[in-house]
>>> print(open('work15.cif').read())   # mmCIF, C-alpha atoms
data_coords
#
loop_
_atom_site.label_atom_id
_atom_site.label_comp_id
_atom_site.auth_asym_id
_atom_site.auth_seq_id
_atom_site.Cartn_x
_atom_site.Cartn_y
_atom_site.Cartn_z
CA MET X 210 -34.55 214.76 -56.23
CA LYS X 211 -31.43 215.46 -58.28
CA GLU X 212 -33.49 215.54 -61.45
CA GLU X 213 -36.06 217.81 -59.81
CA MET X 214 -33.46 220.38 -58.87
CA MET X 215 -32.36 220.51 -62.52
CA ASN X 216 -35.70 222.14 -63.30
CA PRO X 217 -34.74 225.84 -63.63
CA LEU X 218 -38.04 227.27 -62.40
CA LYS X 219 -38.16 224.93 -59.41
CA THR X 220 -34.59 225.85 -58.50
CA LYS X 221 -35.33 229.59 -58.68
CA LEU X 222 -38.56 229.23 -56.72
CA THR X 223 -36.75 227.28 -54.01
CA MET X 224 -34.06 229.93 -53.78
CA LEU X 225 -36.67 232.66 -53.51
CA ASN X 226 -38.57 230.71 -50.87
CA HIS X 227 -35.44 230.68 -48.71
CA CYS X 228 -34.93 234.42 -49.08
CA ALA X 229 -38.27 236.04 -48.30
CA VAL X 230 -41.84 235.43 -47.24
CA ILE X 231 -44.02 236.58 -50.14
CA SER X 232 -47.60 235.84 -51.12
CA PHE X 233 -48.81 234.07 -54.23
CA ARG X 234 -49.92 237.41 -55.69
CA GLN X 235 -46.51 238.96 -55.07
CA LEU X 236 -44.82 236.01 -56.74
CA GLN X 237 -47.12 236.33 -59.72
CA ARG X 238 -45.82 239.86 -60.31
CA LEU X 239 -42.29 238.48 -60.63
CA LEU X 240 -43.49 235.71 -62.95
CA ASP X 241 -45.37 238.18 -65.13
CA ASP X 242 -42.03 239.87 -65.86
CA ASP X 243 -39.97 236.70 -66.04
CA PRO X 244 -41.96 233.40 -66.25
CA GLU X 245 -38.91 231.22 -65.53
CA LEU X 246 -37.29 233.67 -63.05
CA ARG X 247 -34.10 233.49 -65.10
CA CYS X 248 -33.18 237.05 -64.12
CA LEU X 249 -33.90 236.61 -60.41
CA GLU X 250 -30.33 236.94 -59.21
CA SER X 251 -29.61 240.00 -61.36
CA ARG X 252 -32.58 242.01 -60.06
CA SER X 253 -31.83 245.10 -58.00
CA VAL X 254 -33.02 246.00 -54.52
CA SER X 255 -35.20 248.76 -55.98
CA TYR X 256 -36.80 246.27 -58.38
CA PHE X 257 -37.85 243.96 -55.54
CA GLN X 258 -39.06 246.90 -53.47
CA SER X 259 -41.21 248.23 -56.30
CA LYS X 260 -42.46 244.96 -57.77
CA LEU X 261 -43.27 243.26 -54.46
CA GLN X 262 -44.33 246.49 -52.74
CA ILE X 263 -42.18 245.78 -49.70
CA SER X 264 -39.97 248.00 -47.57
CA SER X 265 -36.43 248.88 -48.52
CA MET X 266 -35.18 246.84 -45.56
CA LYS X 267 -37.02 243.69 -46.67
CA ALA X 268 -35.96 244.16 -50.28
CA THR X 269 -32.34 244.54 -49.19
CA GLU X 270 -32.57 241.38 -47.10
CA LEU X 271 -34.06 239.44 -50.01
CA HIS X 272 -31.33 240.66 -52.36
CA ARG X 273 -28.58 239.84 -49.86
CA ASN X 274 -29.94 236.34 -49.20
CA LEU X 275 -30.05 235.56 -52.91
CA HIS X 276 -26.35 236.20 -53.12
CA THR X 277 -25.12 234.79 -49.82
CA LEU X 278 -27.15 231.73 -48.85
CA PRO X 279 -25.33 228.40 -49.51
CA PHE X 280 -27.92 226.99 -51.90
CA GLU X 281 -25.79 224.16 -53.27
CA LYS X 282 -25.15 222.91 -49.75
CA LEU X 283 -28.83 223.23 -48.84
CA PHE X 284 -30.01 221.40 -51.94
CA HIS X 285 -27.49 218.64 -51.30
CA SER X 286 -28.85 218.14 -47.78
CA TYR X 287 -32.38 217.94 -49.16
CA ARG X 288 -31.35 215.22 -51.59
CA LEU X 289 -29.72 213.27 -48.76
CA ASN X 290 -32.89 213.54 -46.70
CA GLN X 291 -35.13 212.57 -49.66
CA ILE X 292 -37.04 215.84 -49.56
CA TYR X 293 -39.23 216.47 -52.58
CA ILE X 294 -39.90 220.02 -53.73
CA ILE X 295 -43.27 220.58 -55.39
CA HIS X 296 -44.20 223.92 -56.96
CA PHE X 297 -47.65 225.11 -57.98
CA LYS X 298 -47.14 224.15 -61.65
CA ASP X 299 -46.00 220.64 -60.76
CA PRO X 300 -48.43 217.79 -61.68
CA GLN X 301 -48.11 216.49 -58.10
CA TYR X 302 -49.30 219.76 -56.58
CA PRO X 303 -52.66 219.13 -54.82
CA HIS X 304 -55.35 220.20 -57.27
CA LEU X 305 -57.80 221.26 -54.54
CA LEU X 306 -55.14 223.41 -52.89
CA LYS X 307 -54.65 225.42 -56.08
CA ASN X 308 -58.17 226.77 -55.73
CA ILE X 309 -57.84 228.38 -52.29
CA TYR X 310 -57.07 232.00 -51.56
CA ASN X 311 -53.30 232.54 -51.35
CA PRO X 312 -52.17 228.95 -51.95
CA PRO X 313 -48.57 228.11 -51.06
CA TRP X 314 -46.49 228.37 -54.19
CA LEU X 315 -43.94 225.85 -52.98
CA LEU X 316 -44.29 222.70 -50.88
CA TYR X 317 -41.64 220.49 -49.29
CA ALA X 318 -42.54 216.82 -48.88
CA ILE X 319 -41.03 213.73 -47.28
CA GLY X 320 -42.64 210.36 -47.85
CA ASN X 321 -45.22 209.44 -50.44
CA PRO X 322 -46.22 212.53 -52.47
CA SER X 323 -48.79 210.53 -54.46
CA LEU X 324 -51.08 210.93 -51.42
CA LEU X 325 -51.45 214.64 -52.22
CA ASN X 326 -54.13 214.03 -54.83
CA GLU X 327 -55.91 211.17 -53.09
CA ARG X 328 -59.24 212.03 -51.49
CA GLN X 329 -58.57 213.56 -48.12
CA LEU X 330 -60.48 214.43 -44.97
CA ALA X 331 -58.94 217.02 -42.65
CA VAL X 332 -59.23 216.14 -38.96
CA VAL X 333 -58.61 218.90 -36.42
CA GLY X 334 -59.27 219.54 -32.76
CA SER X 335 -57.90 220.52 -29.40
CA ARG X 336 -54.36 219.87 -28.23
CA LYS X 337 -55.86 219.09 -24.80
CA VAL X 338 -58.00 216.20 -25.97
CA VAL X 339 -60.51 214.64 -23.57
CA GLU X 340 -61.47 210.97 -23.42
CA PRO X 341 -64.86 211.27 -25.21
CA SER X 342 -63.08 212.80 -28.21
CA LEU X 343 -60.58 209.94 -28.33
CA MET X 344 -63.48 207.50 -28.22
CA ALA X 345 -65.15 209.34 -31.10
CA LEU X 346 -61.97 209.19 -33.18
CA SER X 347 -61.62 205.47 -32.41
CA LYS X 348 -65.10 204.99 -33.84
CA LEU X 349 -64.73 207.24 -36.90
CA ILE X 350 -61.20 206.61 -38.19
CA PRO X 351 -61.64 202.89 -39.09
CA HIS X 352 -64.71 203.70 -41.18
CA LEU X 353 -62.96 206.57 -42.96
CA VAL X 354 -59.89 204.45 -43.66
CA SER X 355 -61.99 201.57 -45.01
CA ASN X 356 -63.67 204.04 -47.37
CA GLY X 357 -60.34 205.15 -48.80
CA PHE X 358 -59.91 208.54 -47.16
CA VAL X 359 -56.41 209.87 -46.46
CA ILE X 360 -56.49 211.56 -43.05
CA THR X 361 -54.81 214.97 -43.07
CA SER X 362 -53.93 216.80 -39.87
CA GLY X 363 -51.29 219.03 -38.30
CA LEU X 364 -49.07 216.67 -36.27
CA ALA X 365 -49.85 218.66 -33.11
CA LYS X 366 -50.60 217.26 -29.67
CA GLY X 367 -54.03 215.91 -28.83
CA VAL X 368 -56.53 215.32 -31.62
CA ASP X 369 -53.96 215.63 -34.43
CA LYS X 370 -51.63 213.02 -32.94
CA ALA X 371 -54.54 210.67 -32.20
CA ALA X 372 -55.90 211.00 -35.75
CA HIS X 373 -52.52 210.22 -37.33
CA THR X 374 -51.82 207.33 -34.97
CA LEU X 375 -55.25 205.69 -35.31
CA THR X 376 -55.05 205.97 -39.09
CA ILE X 377 -51.69 204.21 -39.14
CA ASN X 378 -52.86 201.54 -36.68
CA HIS X 379 -55.87 200.77 -38.90
CA GLY X 380 -53.80 200.45 -42.07
CA GLY X 381 -54.72 203.82 -43.55
CA GLN X 382 -52.69 206.65 -45.05
CA THR X 383 -52.10 209.99 -43.36
CA ILE X 384 -50.56 213.39 -44.13
CA GLY X 385 -49.03 215.68 -41.51
CA VAL X 386 -48.81 219.37 -42.38
CA LEU X 387 -46.13 221.13 -40.33
CA GLY X 388 -45.83 224.68 -39.07
CA SER X 389 -42.05 224.44 -39.33
CA GLY X 390 -39.34 222.95 -41.50
CA PHE X 391 -38.60 219.23 -41.42
CA PHE X 392 -35.39 219.67 -39.44
CA HIS X 393 -37.33 221.23 -36.55
CA ILE X 394 -40.29 218.92 -35.84
CA TYR X 395 -42.69 220.52 -33.38
CA PRO X 396 -43.73 219.41 -30.84
CA GLN X 397 -40.68 217.26 -30.17
CA GLU X 398 -42.81 214.62 -28.45
CA ASN X 399 -44.17 213.74 -31.90
CA ARG X 400 -40.77 213.12 -33.48
CA THR X 401 -41.17 209.33 -33.39
CA LEU X 402 -44.56 209.62 -35.05
CA ALA X 403 -43.08 211.96 -37.66
CA GLU X 404 -40.26 209.51 -38.43
CA ASN X 405 -42.84 206.76 -38.95
CA MET X 406 -44.85 208.97 -41.29
CA LYS X 407 -41.75 209.74 -43.37
CA LEU X 408 -41.47 206.08 -44.30
CA ASN X 409 -44.97 205.13 -45.39
CA HIS X 410 -47.09 208.27 -45.28
CA LEU X 411 -46.31 211.96 -45.91
CA LEU X 412 -45.01 215.03 -44.13
CA LEU X 413 -45.64 218.37 -45.81
CA SER X 414 -44.57 221.97 -45.18
CA GLU X 415 -44.46 225.26 -47.03
CA TYR X 416 -41.42 226.26 -44.96
CA PRO X 417 -37.82 225.46 -45.89
CA PRO X 418 -36.47 222.46 -43.95
CA HIS X 419 -34.21 224.57 -41.70
CA GLN X 420 -37.04 226.95 -40.70
CA LYS X 421 -37.81 226.87 -36.98
CA PRO X 422 -41.46 227.08 -35.85
CA ASN X 423 -42.98 230.49 -35.21
CA PRO X 424 -46.40 231.15 -33.64
CA TRP X 425 -47.85 232.67 -36.83
CA HIS X 426 -46.87 229.63 -38.89
CA PHE X 427 -49.60 227.46 -37.41
CA PRO X 428 -52.65 229.54 -38.41
CA MET X 429 -51.10 229.78 -41.88
CA ARG X 430 -50.58 226.02 -42.13
CA ASN X 431 -54.28 225.49 -41.33
CA ARG X 432 -55.25 226.77 -44.79
CA ILE X 433 -53.20 223.91 -46.28
CA ILE X 434 -54.84 221.29 -44.06
CA SER X 435 -58.36 222.37 -45.03
CA GLY X 436 -57.38 223.37 -48.57
CA MET X 437 -56.24 219.89 -49.64
CA ALA X 438 -59.35 218.16 -48.29
CA SER X 439 -62.93 217.84 -49.46
CA GLY X 440 -64.12 218.26 -45.89
CA THR X 441 -62.92 219.14 -42.40
CA LEU X 442 -63.90 217.19 -39.30
CA VAL X 443 -63.73 219.12 -36.03
CA VAL X 444 -63.49 216.58 -33.22
CA GLN X 445 -63.16 218.93 -30.26
CA ALA X 446 -63.00 222.73 -30.21
CA ALA X 447 -63.30 225.23 -27.41
CA LYS X 448 -64.91 228.63 -27.87
CA LYS X 449 -61.67 230.19 -29.12
CA SER X 450 -59.46 227.73 -30.96
CA GLY X 451 -57.39 227.20 -34.07
CA SER X 452 -59.81 224.46 -35.09
CA LEU X 453 -62.53 227.07 -35.59
CA ILE X 454 -60.16 229.01 -37.84
CA THR X 455 -59.56 225.88 -39.91
CA ALA X 456 -63.30 225.23 -40.15
CA GLU X 457 -63.91 228.81 -41.25
CA LEU X 458 -61.24 228.50 -43.93
CA ALA X 459 -62.89 225.32 -45.19
CA LEU X 460 -66.27 227.03 -45.39
CA GLN X 461 -64.76 229.98 -47.29
CA GLU X 462 -63.44 227.55 -49.90
CA GLY X 463 -66.80 225.80 -50.27
CA ARG X 464 -65.75 222.64 -48.47
CA GLU X 465 -67.87 220.58 -46.07
CA VAL X 466 -67.47 220.99 -42.31
CA PHE X 467 -68.37 218.27 -39.82
CA ALA X 468 -68.41 218.47 -36.03
CA VAL X 469 -68.53 215.86 -33.28
CA PRO X 470 -70.86 216.97 -30.47
CA GLY X 471 -69.99 216.69 -26.80
CA SER X 472 -71.47 217.34 -23.40
CA MET X 473 -73.14 220.70 -22.96
CA HIS X 474 -71.41 220.85 -19.57
CA LEU X 475 -67.90 220.73 -21.03
CA PRO X 476 -66.33 224.01 -22.26
CA GLU X 477 -64.05 221.90 -24.47
CA TYR X 478 -66.97 221.50 -26.91
CA GLU X 479 -68.35 225.04 -27.00
CA GLY X 480 -66.68 225.74 -30.33
CA SER X 481 -67.93 222.46 -31.79
CA HIS X 482 -71.50 223.26 -30.77
CA PHE X 483 -71.18 226.74 -32.23
CA LEU X 484 -70.18 225.22 -35.59
CA ILE X 485 -73.21 222.93 -35.51
CA GLN X 486 -75.45 225.91 -34.79
CA GLN X 487 -73.90 227.65 -37.81
CA GLY X 488 -74.64 224.72 -40.12
CA ALA X 489 -71.80 222.23 -39.72
CA LYS X 490 -73.04 218.66 -40.03
CA LEU X 491 -73.37 216.90 -36.68
CA VAL X 492 -71.46 213.61 -36.79
CA MET X 493 -72.66 210.52 -34.96
CA ASN X 494 -70.92 207.89 -37.09
CA GLY X 495 -68.64 207.56 -40.10
CA ASN X 496 -71.51 207.33 -42.58
CA ASP X 497 -72.47 210.91 -41.71
CA ILE X 498 -69.18 211.94 -43.32
CA THR X 499 -68.68 209.51 -46.19
CA GLU X 500 -72.25 209.80 -47.49
CA GLU X 501 -71.98 213.59 -47.54
CA LEU X 502 -68.70 213.51 -49.48
CA THR X 503 -69.69 210.88 -52.03
CA ASN X 504 -70.87 213.48 -54.53
CA PHE X 505 -67.69 215.53 -54.09
CA TYR X 506 -65.64 212.79 -55.75
CA SER X 507 -68.25 211.43 -58.17
#
>>> encode(input="work15.cif", output="structure tokens")
Amino acid sequence: MKEEMMNPLKTKLTMLNHCAVISFRQLQRLLDDDPELRCLESRSVSYFQSKLQISSMKATELHRNLHTLPFEKLFHSYRLNQIYIIHFKDPQYPHLLKNIYNPPWLLYAIGNPSLLNERQLAVVGSRKVVEPSLMALSKLIPHLVSNGFVITSGLAKGVDKAAHTLTINHGGQTIGVLGSGFFHIYPQENRTLAENMKLNHLLLSEYPPHQKPNPWHFPMRNRIISGMASGTLVVQAAKKSGSLITAELALQEGREVFAVPGSMHLPEYEGSHFLIQQGAKLVMNGNDITEELTNFYS
């Protein structure tokens, strides 16, 4: 980590990431002027306002943060906590993620970052998981693990937690993408799981480690979950759910979408059935997934 922070561009990108929320396109405007961001700290408020096309208030806040945040102290705490920082030009940056709309330009990682470019399947579903969905996961996860898929999910309650836990129990590898910084694991009931994943798996976030969770973080993190994977498996989704958003993002990026069917009498599966009607592949067993994705990695 110490060597990584010696990289000038990575250091500047990390500083900027702590100071303002800007898109990949906005960042590119800064890089077009200054590819290594060597002049970042000497830029004026008016420069940021004009170049990023943001309000005077936001530009002033960015400028103030650049000159007041205790970056040395923050970077030291990241080294102590073995937090890797991976920017979009880094060889470890997930190659599939680079191709999505508005990819995160900086990622924070704890654990095994080599998993980022292994073949991944995103698994998403309801936080209020019902027993048939748990049974489906218990059937699917061992097959996926034995076929070398890293299981990527969002470390939320319900389907996410079950997918991570089953993967670990069956000797597989799993990635948890957070909607907060590492120092504010959410939900707290998954802290023990998160600590386990830090040791032998991977936690990932686009938010600085001290960033607390906000409601809008979670829809944003879904693009990372689907963006790193060749396909997305929806295990259980109601009519209106974040899982449908993730599936839609996957489809927009040309990735495969799979859905586990459920009882027509249960509203918990209305979203899943809608996806199947729209062309998602109905999943009855693990082969339905692995056979479909074989060509993706050939």
>>> closest_residue(input="work15.cif", among="X:Ser251, X:Asn326, X:Ile263, X:Gly381", to="His352 in chain X", atoms="all atoms listed in the file")
X:Gly381
>>> resolve_selection(input="work15.cif", expression="the PyMOL selection byres ((chain X and resi 359) around 10)", output="PyMOL selection string")
chain X and resi 324-331+353-354+356-358+360-362+373+376+381-384+410+438
>>> resolve_selection(input="work15.cif", expression="the PyMOL selection byres ((chain X and resi 349) around 12)", output="PyMOL selection string")
chain X and resi 330+332+342-348+350-356+358+360+371-372+375-376+379+442-444+467-469+492-499
>>> atom_distance(input="work15.cif", atom1="CA of Glu398 in chain X", atom2="CA of Tyr287 in chain X")
23.4 Å
>>> axis_aligned_box(input="work15.cif", around="range 323-337 of chain X", padding_each_side="3 Å", output="lines of an AutoDock Vina configuration file")
center_x = -54.6
center_y = 215.5
center_z = -39.8
size_x = 17.7
size_y = 16.0
size_z = 36.0
>>> atom_distance(input="work15.cif", atom1="CA of Ala489 in chain X", atom2="CA of Leu412 in chain X")
28.1 Å
>>> closest_residue(input="work15.cif", among="X:His426, X:Asp241, X:Val386, X:Val368", to="Pro341 in chain X", atoms="only C-alpha atoms")
X:Val368
>>> residues_around(input="work15.cif", residues="range 472-486 of chain X", least_positions_apart="5", cutoff="6 Å", atoms="only C-alpha atoms", output="NGL selection string")
:X and (445-448)
>>> write_last_selection(input="work15.cif", atoms="C-alpha atoms", output="PDB file, in the frame of the given file")
ATOM      1  CA  GLN X 445     -63.160 218.930 -30.260  1.00  0.00           C
ATOM      2  CA  ALA X 446     -63.000 222.730 -30.210  1.00  0.00           C
ATOM      3  CA  ALA X 447     -63.300 225.230 -27.410  1.00  0.00           C
ATOM      4  CA  LYS X 448     -64.910 228.630 -27.870  1.00  0.00           C
TER       5      LYS X 448
END
>>> closest_residue(input="work15.cif", among="X:Val333, X:Leu305, X:Val339, X:Met406", to="Thr441 in chain X", atoms="all atoms listed in the file")
X:Val333
>>> atom_distance(input="work15.cif", atom1="CA of Arg430 in chain X", atom2="CA of Leu387 in chain X")
6.9 Å
>>> resolve_selection(input="work15.cif", expression="the PyMOL selection byres ((chain X and resi 392) around 10)", output="PyMOL selection string")
chain X and resi 290+389-391+393-395+417-421
>>> residues_around(input="work15.cif", residues="Pro396 in chain X", least_positions_apart="4", cutoff="9 Å", atoms="only C-alpha atoms", output="ChimeraX atom specification")
/X:364-366,400
>>> write_last_selection(input="work15.cif", atoms="C-alpha atoms", output="mmCIF file, keeping the file's coordinate frame")
data_model
loop_
_atom_site.group_PDB
_atom_site.id
_atom_site.type_symbol
_atom_site.label_atom_id
_atom_site.label_comp_id
_atom_site.auth_asym_id
_atom_site.auth_seq_id
_atom_site.Cartn_x
_atom_site.Cartn_y
_atom_site.Cartn_z
ATOM 1 C CA LEU X 364 -49.070 216.670 -36.270
ATOM 2 C CA ALA X 365 -49.850 218.660 -33.110
ATOM 3 C CA LYS X 366 -50.600 217.260 -29.670
ATOM 4 C CA ARG X 400 -40.770 213.120 -33.480
#
>>> residues_around(input="work15.cif", residues="Asp243 in chain X", least_positions_apart="6", cutoff="12 Å", atoms="all atoms listed in the file", output="list of chain:residue names")
X:Leu218, X:Lys221, X:Leu236, X:Gln237, X:Leu249, X:Glu250, X:Ser251, X:Arg252, X:Lys260
